[in-house]
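Engineer: Dropping in protein-v8.pdb, with PDB, C-alpha atoms.
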ATOM      1  CA  ILE A   1      52.948 163.026 149.708
ATOM      2  CA  ASN A   2      49.801 163.330 151.801
ATOM      3  CA  GLY A   3      51.417 166.202 153.722
ATOM      4  CA  PHE A   4      50.964 168.350 150.609
ATOM      5  CA  ALA A   5      47.280 167.548 150.041
ATOM      6  CA  GLU A   6      45.985 171.018 150.949
ATOM      7  CA  GLU A   7      48.590 172.760 148.776
ATOM      8  CA  LEU A   8      47.726 170.494 145.836
ATOM      9  CA  SER A   9      44.043 171.211 146.420
ATOM     10  CA  ASP A  10      44.692 174.967 146.429
ATOM     11  CA  LEU A  11      46.449 174.568 143.070
ATOM     12  CA  GLY A  12      43.407 172.753 141.684
ATOM     13  CA  LEU A  13      45.267 169.488 141.070
ATOM     14  CA  VAL A  14      43.399 167.350 143.602
ATOM     15  CA  GLU A  15      40.060 167.287 145.387
ATOM     16  CA  LEU A  16      39.862 166.743 149.134
ATOM     17  CA  ASP A  17      36.814 165.102 150.628
ATOM     18  CA  GLY A  18      37.541 164.656 154.299
ATOM     19  CA  ARG A  19      40.448 162.224 154.389
ATOM     20  CA  ARG A  20      40.012 161.112 150.779
ATOM     21  CA  LEU A  21      42.263 162.634 148.121
ATOM     22  CA  THR A  22      41.308 162.398 144.424
ATOM     23  CA  VAL A  23      43.678 163.581 141.721
ATOM     24  CA  LYS A  24      41.911 165.471 138.942
ATOM     25  CA  PRO A  25      42.298 164.186 135.367
ATOM     26  CA  GLY A  26      45.649 165.254 133.943
ATOM     27  CA  GLY A  27      46.827 166.411 137.354
ATOM     28  CA  ARG A  28      49.055 163.516 138.375
ATOM     29  CA  VAL A  29      52.208 164.600 136.548
ATOM     30  CA  LEU A  30      51.663 168.295 137.386
ATOM     31  CA  ALA A  31      51.171 167.325 141.020
ATOM     32  CA  GLY A  32      54.312 165.207 140.751
ATOM     33  CA  ARG A  33      56.369 168.109 139.419
ATOM     34  CA  TYR A  34      55.090 170.303 142.246
ATOM     35  CA  LEU A  35      55.973 167.668 144.840
ATOM     36  CA  LEU A  36      59.484 167.298 143.401
ATOM     37  CA  GLN A  37      59.967 171.046 143.754
ATOM     38  CA  ARG A  38      58.835 170.745 147.373
ATOM     39  CA  GLY A  39      61.462 168.093 148.176
ATOM     40  CA  VAL A  40      59.568 164.814 147.755
ATOM     41  CA  SER A  41      62.008 162.196 146.434
ATOM     42  CA  VAL A  42      61.656 160.960 142.858
ATOM     43  CA  GLU A  43      61.579 157.393 144.162
ATOM     44  CA  GLU A  44      58.680 158.095 146.511
ATOM     45  CA  LEU A  45      56.795 159.966 143.823
ATOM     46  CA  SER A  46      57.416 157.422 141.099
ATOM     47  CA  ARG A  47      55.862 154.686 143.226
ATOM     48  CA  VAL A  48      52.479 156.385 142.886
ATOM     49  CA  LEU A  49      52.857 157.045 139.147
ATOM     50  CA  ASP A  50      52.157 154.454 136.456
ATOM     51  CA  TRP A  51      54.816 153.644 133.840
ATOM     52  CA  ARG A  52      53.586 156.326 131.386
ATOM     53  CA  GLU A  53      53.718 158.955 134.094
ATOM     54  CA  PHE A  54      57.160 157.691 135.132
ATOM     55  CA  GLU A  55      58.349 158.253 131.543
ATOM     56  CA  ASP A  56      56.808 161.722 131.632
ATOM     57  CA  LEU A  57      58.666 162.445 134.865
ATOM     58  CA  VAL A  58      61.948 161.454 133.178
ATOM     59  CA  SER A  59      61.088 163.663 130.195
ATOM     60  CA  LYS A  60      60.247 166.631 132.439
ATOM     61  CA  SER A  61      63.515 166.123 134.343
ATOM     62  CA  LEU A  62      65.449 166.390 131.058
ATOM     63  CA  GLU A  63      63.473 169.461 129.996
ATOM     64  CA  ALA A  64      64.202 171.135 133.331
ATOM     65  CA  GLN A  65      67.915 170.835 132.462
ATOM     66  CA  GLY A  66      67.436 172.415 129.019
ATOM     67  CA  TYR A  67      67.122 169.251 126.928
ATOM     68  CA  SER A  68      64.747 168.940 123.973
ATOM     69  CA  THR A  69      62.832 165.704 124.460
ATOM     70  CA  TRP A  70      61.006 163.008 122.510
ATOM     71  CA  ARG A  71      58.869 160.388 124.237
ATOM     72  CA  ASN A  72      58.275 156.924 122.819
ATOM     73  CA  TYR A  73      60.623 157.652 119.912
ATOM     74  CA  ARG A  74      59.899 155.005 117.261
ATOM     75  CA  MET A  75      62.329 153.770 114.624
ATOM     76  CA  ARG A  76      61.882 151.411 111.710
ATOM     77  CA  ARG A  77      63.976 148.679 110.133
ATOM     78  CA  PRO A  78      64.081 147.131 112.610
ATOM     79  CA  THR A  79      61.164 148.484 114.606
ATOM     80  CA  ARG A  80      62.425 149.759 117.954
ATOM     81  CA  GLU A  81      61.359 152.362 120.472
ATOM     82  CA  ILE A  82      63.246 154.511 122.956
ATOM     83  CA  ASP A  83      61.172 155.571 125.964
ATOM     84  CA  VAL A  84      62.695 159.053 126.299
ATOM     85  CA  VAL A  85      65.328 160.837 124.209
ATOM     86  CA  GLY A  86      66.815 164.103 125.437
ATOM     87  CA  VAL A  87      69.145 166.235 123.298
ATOM     88  CA  TYR A  88      71.213 169.209 124.423
ATOM     89  CA  SER A  89      73.971 170.798 122.311
ATOM     90  CA  GLY A  90      74.430 167.696 120.162
ATOM     91  CA  PHE A  91      74.536 165.302 123.130
ATOM     92  CA  ALA A  92      71.670 162.844 123.547
ATOM     93  CA  ILE A  93      70.649 160.641 126.438
ATOM     94  CA  ALA A  94      68.490 157.690 125.361
ATOM     95  CA  PHE A  95      66.590 156.453 128.416
ATOM     96  CA  ASP A  96      64.878 153.113 128.823
ATOM     97  CA  CYS A  97      62.546 153.696 131.793
ATOM     98  CA  LYS A  98      62.121 150.616 133.962
ATOM     99  CA  HIS A  99      59.205 151.001 136.345
ATOM    100  CA  TRP A 100      60.355 147.852 138.134
ATOM    101  CA  GLN A 101      60.449 147.463 141.893
ATOM    102  CA  ARG A 102      63.040 144.682 141.553
ATOM    103  CA  ALA A 103      65.331 143.684 138.710
ATOM    104  CA  SER A 104      67.874 140.916 138.308
ATOM    105  CA  ILE A 105      71.317 141.543 136.874
ATOM    106  CA  SER A 106      70.450 139.337 133.891
ATOM    107  CA  SER A 107      67.284 141.319 133.085
ATOM    108  CA  LEU A 108      69.196 144.596 133.423
ATOM    109  CA  SER A 109      72.017 143.243 131.220
ATOM    110  CA  LEU A 110      69.539 142.295 128.507
ATOM    111  CA  ALA A 111      67.846 145.716 128.752
ATOM    112  CA  ALA A 112      71.255 147.437 128.538
ATOM    113  CA  THR A 113      72.243 145.488 125.418
ATOM    114  CA  LYS A 114      68.962 146.374 123.740
ATOM    115  CA  GLN A 115      69.340 150.034 124.722
ATOM    116  CA  ILE A 116      72.787 150.177 123.094
ATOM    117  CA  GLN A 117      71.226 148.820 119.889
ATOM    118  CA  ARG A 118      68.456 151.421 120.042
ATOM    119  CA  ALA A 119      70.965 154.237 120.584
ATOM    120  CA  GLN A 120      73.040 152.995 117.629
ATOM    121  CA  GLN A 121      69.955 152.989 115.432
ATOM    122  CA  LEU A 122      68.960 156.461 116.665
ATOM    123  CA  VAL A 123      72.343 157.918 115.759
ATOM    124  CA  SER A 124      72.725 156.078 112.462
ATOM    125  CA  SER A 125      69.245 157.048 111.246
ATOM    126  CA  GLY A 126      70.103 160.743 111.238
ATOM    127  CA  ALA A 127      66.437 161.459 112.020
ATOM    128  CA  ILE A 128      67.542 163.902 114.742
ATOM    129  CA  PRO A 129      70.451 165.459 112.832
ATOM    130  CA  GLU A 130      71.871 167.508 115.720
ATOM    131  CA  ILE A 131      72.912 164.372 117.620
ATOM    132  CA  GLU A 132      76.701 164.113 117.736
ATOM    133  CA  ALA A 133      76.802 161.502 120.516
ATOM    134  CA  ALA A 134      74.202 159.410 122.334
ATOM    135  CA  LEU A 135      74.457 157.834 125.764
ATOM    136  CA  PRO A 136      72.148 154.841 126.294
ATOM    137  CA  ALA A 137      70.944 154.621 129.908
ATOM    138  CA  LEU A 138      68.443 152.770 132.084
ATOM    139  CA  VAL A 139      66.473 154.638 134.750
ATOM    140  CA  VAL A 140      64.961 152.362 137.377
ATOM    141  CA  LEU A 141      62.762 152.563 140.457
ATOM    142  CA  GLY A 142      64.004 149.633 142.455
ATOM    143  CA  PRO A 143      67.180 149.383 144.483
ATOM    144  CA  LEU A 144      70.470 149.190 142.603
ATOM    145  CA  GLN A 145      73.431 147.014 143.452
ATOM    146  CA  ARG A 146      75.700 148.711 140.905
ATOM    147  CA  ALA A 147      76.092 151.920 138.909
ATOM    148  CA  SER A 148      76.207 150.314 135.477
ATOM    149  CA  VAL A 149      75.792 147.087 133.583
ATOM    150  CA  GLY A 150      77.716 146.420 130.386
ATOM    151  CA  ARG A 151      79.029 150.031 130.536
ATOM    152  CA  VAL A 152      75.435 151.312 130.376
ATOM    153  CA  PRO A 153      74.584 153.540 133.345
ATOM    154  CA  LEU A 154      71.871 152.410 135.748
ATOM    155  CA  VAL A 155      70.225 155.499 137.141
ATOM    156  CA  HIS A 156      68.111 155.267 140.268
ATOM    157  CA  ALA A 157      65.052 157.520 140.121
ATOM    158  CA  ASP A 158      66.316 159.619 143.033
ATOM    159  CA  GLY A 159      69.604 160.332 141.242
ATOM    160  CA  LEU A 160      68.029 161.199 137.894
ATOM    161  CA  VAL A 161      68.564 164.968 137.948
ATOM    162  CA  ASP A 162      72.159 164.648 139.181
ATOM    163  CA  PHE A 163      72.845 162.083 136.466
ATOM    164  CA  ILE A 164      71.404 164.322 133.735
ATOM    165  CA  MET A 165      73.466 167.280 134.950
ATOM    166  CA  GLY A 166      76.721 165.297 134.843
ATOM    167  CA  ALA A 167      76.076 162.821 132.029
ATOM    168  CA  ARG A 168      78.116 164.568 129.359
ATOM    169  CA  GLY A 169      81.166 164.760 131.610
ATOM    170  CA  HIS A 170      81.014 161.057 132.441
ATOM    171  CA  SER A 171      80.224 159.731 128.979
ATOM    172  CA  SER A 172      83.770 158.336 128.581
ATOM    173  CA  GLU A 173      83.008 155.886 131.419
ATOM    174  CA  PHE A 174      80.008 154.498 129.561
ATOM    175  CA  VAL A 175      79.093 153.276 126.108
ATOM    176  CA  THR A 176      78.641 156.348 123.943
ATOM    177  CA  VAL A 177      77.382 156.007 120.393
ATOM    178  CA  ARG A 178      78.670 158.419 117.739
ATOM    179  CA  PRO A 179      77.931 158.713 114.042
ATOM    180  CA  THR A 180      80.759 157.842 111.702
ATOM    181  CA  ARG A 181      81.019 158.772 108.050
ATOM    182  CA  ARG A 182      80.925 156.002 105.502
ATOM    183  CA  ARG A 183      81.115 156.083 101.730
ATOM    184  CA  VAL A 184      78.780 158.499  99.958
ATOM    185  CA  GLY A 185      77.914 160.306 103.203
ATOM    186  CA  SER A 186      75.947 157.474 104.794
ATOM    187  CA  THR A 187      76.243 157.055 108.540
ATOM    188  CA  ARG A 188      76.073 154.246 111.036
ATOM    189  CA  GLY A 189      76.319 154.092 114.788
ATOM    190  CA  THR A 190      79.485 153.035 116.518
ATOM    191  CA  GLN A 191      80.204 152.234 120.099
ATOM    192  CA  THR A 192      83.066 153.938 121.951
TER     193      THR A 192
END
Show me, as structure tokens, the structure contained in the file I just sent.

Structural biologist:
Amino acid sequence: INGFAEELSDLGLVELDGRRLTVKPGGRVLAGRYLLQRGVSVEELSRVLDWREFEDLVSKSLEAQGYSTWRNYRMRRPTREIDVVGVYSGFAIAFDCKHWQRASISSLSLAATKQIQRAQQLVSSGAIPEIEAALPALVVLGPLQRASVGRVPLVHADGLVDFIMGARGHSSEFVTVRPTRRRVGSTRGTQT
């Protein structure tokens, strides 16, 4: 990252004072996007971003692939929140962003179960009516020992863009939540 200090300074995102680099207010995520375009890995970049900026990086990655996004999407009854929701042509990816350096299988399993519940609530609420299917997923910083837990994909930060590009085609491998019609036009989420 330091190898790009002069370029970032020329763009007005950082200030250089000898060997000291100071990121200007609001410049961290913009600098991050620039560094990604220059080949810096998402994992390396995400280690210098806080959890909010990590969520923003996930959101920007979805947007770069044409997705409409919502950050910190809140739902009621029960109160739940999805870190980042991306929707493209009726297909949604509901990301829980884990800015963890290490995670146990049990903590990832619990997070996956909760993310399925959030995705079900998202679809059943109808608040984003264009959603025809939602894929709950966890995006993590730390090393991964597996590709999924409880049929919920675990996405390493470095594989985020590749995952987004291929998610729709692999949704049959993972839990995918779809709305189903009930009496009088009400909907609820189902797991497939």

Engineer: Could you tell me which residues the PyMOL selection byres ((chain A and resi 132) around 10) grabs in this file, written as an NGL selection string?

Structural biologist: :A and (87 or 89-92 or 123 or 126 or 128-131 or 133-134 or 177-180)

Engineer: Which centre and which edge lengths, in Å to one decimal, describe the axis-aligned box that holds all listed atoms of stretch 106-121 of chain A after 6 Å is added on each side, as AutoDock Vina command-line options?

Structural biologist:
--center_x 70.2 --center_y 146.8 --center_z 124.7 --size_x 17.8 --size_y 26.9 --size_z 30.5

Engineer: Neighbourhood query: residues within 8 Å of (44.0, 166.3, 143.7), file coordinates, counting only C-alpha atoms; return as a list of chain:residue names.

Structural biologist: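 Residues close enough to count: A:Ala5, A:Leu8, A:Ser9, A:Gly12, A:Leu13, A:Val14, A:Glu15, A:Leu16, A:Leu21, A:Thr22, A:Val23, A:Lys24, A:Gly27, A:Arg28, A:Ala31.
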
Engineer: Please indicate the distance in Å from atom CA of A:Thr113 to atom CA of A:Met165, rounded to one decimal place.

Structural biologist: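 Taking atom CA of A:Thr113 and atom CA of A:Met165, their separation equals 23.8 Å.
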
Engineer: When you count all atoms listed in the file, which of these residues is closest to A:Val40: A:Gly86, A:Gly3, A:Gly18, A:Pro136?

Structural biologist: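 Between A:Gly86, A:Gly3, A:Gly18, A:Pro136, the residue approaching A:Val40 most closely is A:Gly3.
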
Engineer: Mind pulling up the distance from atom CA of A:Val84 to atom CA of A:Ser59?

Structural biologist: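 We find that atom CA of A:Ser59 and atom CA of A:Val84 lie 6.2 Å from each other.
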
Engineer: Would you mind telling me which residue in A:Arg146, A:Asp83, A:Tyr73, A:Glu63 lies nearest to A:Ala103 when using all atoms listed in the file?

Structural biologist: A:Arg146

Engineer: Rounded to one decimal, what separation in Å do you get between atom CA of A:Ala64 and atom CA of A:Ser172?

Structural biologist: 23.9 Å
